[in-house]
Amino acid sequence: MLFRLWATIFSLSVRADAPSPAIFSYAVAQCRRLFDIAVEMGHEMSVLDVGDGFPSVTNAYGLSFGQVARALSGAVSLFFPQERFPHLRVIAEPGAYFASSPYLLVTRVVDKRLIDASLLTSDETDAGTVGYVYQINEGFYGAFGCRLITGRNPRCSPLIAFGEKLNTYAAVYGPTTCDTDVVLPLTRLPPLQVGDWLVWYDMGAYTMGNCETLKEGELRSAAIHYFENTGSRIDFVNCESPKSTSYPAINKDDELAATVANVLINDNSESEEKN
């Protein structure tokens with residue numbers, strides 16, 4: 001028995017780290033070529049899927065969502081004019097776009113090593129300059145497995161500010177001894193101490209369940225704490241704050257940092273009272 005398969009849709013997929021919006025336009029143009037070939041073969045094409053790869057709303061590096069949207073809108077209008085494709089449906093898969101921004105990840109520095117900055121930058125002009133390698137309690141085989149999917153380096157900043165400090169070259173590694181457990185191969189951070197906290201932004205996409213790739217059952221997934229920003233204050237909803245010590249020197253200009261730090265401090269105080 002023979003079956004004839006009919007194609008009705010073509011889709012494109014551009015990585016989130018695309019260097020230029022022109023790549024999206026090129027992908028749409030290639031889909032138009034495939035549409036024409038399929039129609040000549042007797043297929044009734046009706047759907048164009050512009051795929052995923054849309055950057056987060058608060059994305060501060062690479063292409064912005066607006067750039068991608070304008071490129072796709074212009075390309076679809078050019079290569080799929082309405083008079084030629086009156087019944088065409090254009091769909092997308094913006095899951096990462098919606099999931100990224102609502103989530104922050106808070107990690108703790110568990111180890112620190114001093115290193116010559118030239119070993120991090122591979123630039124001899126940085127020889128003699130201080131650099132640091134930090135190890136944190138979450139890594140590539142946990143939440144930072146998202147780097148493999150998105151191709152982007154996550155952004156971070158210290159949760160608690162201790163005044164003006166000069167940023168230094170640094171690398172951030174995860175908690176395992178695996179050579180590939182790299183969170184950030186090169187960044188600039190103020191000098192940190194073991195026990196300090198780092199806040200990572202836009203960490204809602206492709207960040208859960210990645211520890212299965214290492215097959216180490218002792219690596220637990222990060223706990224999720226929900227909070228609501230009402231404008232005048234930030235309220236944590238049904239959260240179980242980590243049993244860890246934080247620091248009272250808080251940057252009062254950062255309401256979120258202050259709220260998170262206070263939760264950590266209060267939780268630690270309650271834990272000490274019970275003990």
# chains A, B, ... in the order shown; residues from 1 in each chain; ligands from 1

$ select_by_dssp --residues "stretch 9-237 of chain A" --states "alpha helix (DSSP H)" --output "number ranges by chain"
A: 22-40, 65-79, 95-100, 118-121, 146-150

$ residues_around --residues "A:Val28" --least-positions-apart "4" --cutoff "10 Å" --atoms "only C-alpha atoms" --output "list in words"
Phe10, Ser11, Leu12, Ser13, Ala22, Ile23, Phe24, Arg32, Arg33, Leu34, Leu48, Asp49, Val50, Ala71, Leu72, Ser73, Gly74, Ala75, Val76, Leu78, Phe79 and Phe80 of chain A

$ atom_distance --atom1 "atom CA of A:Met208" --atom2 "atom CA of A:Cys156"
18.3 Å

$ closest_residue --among "A:Tyr132, A:Tyr97, A:Trp200, A:Tyr206" --to "A:Leu148" --atoms "only C-alpha atoms"
A:Tyr206
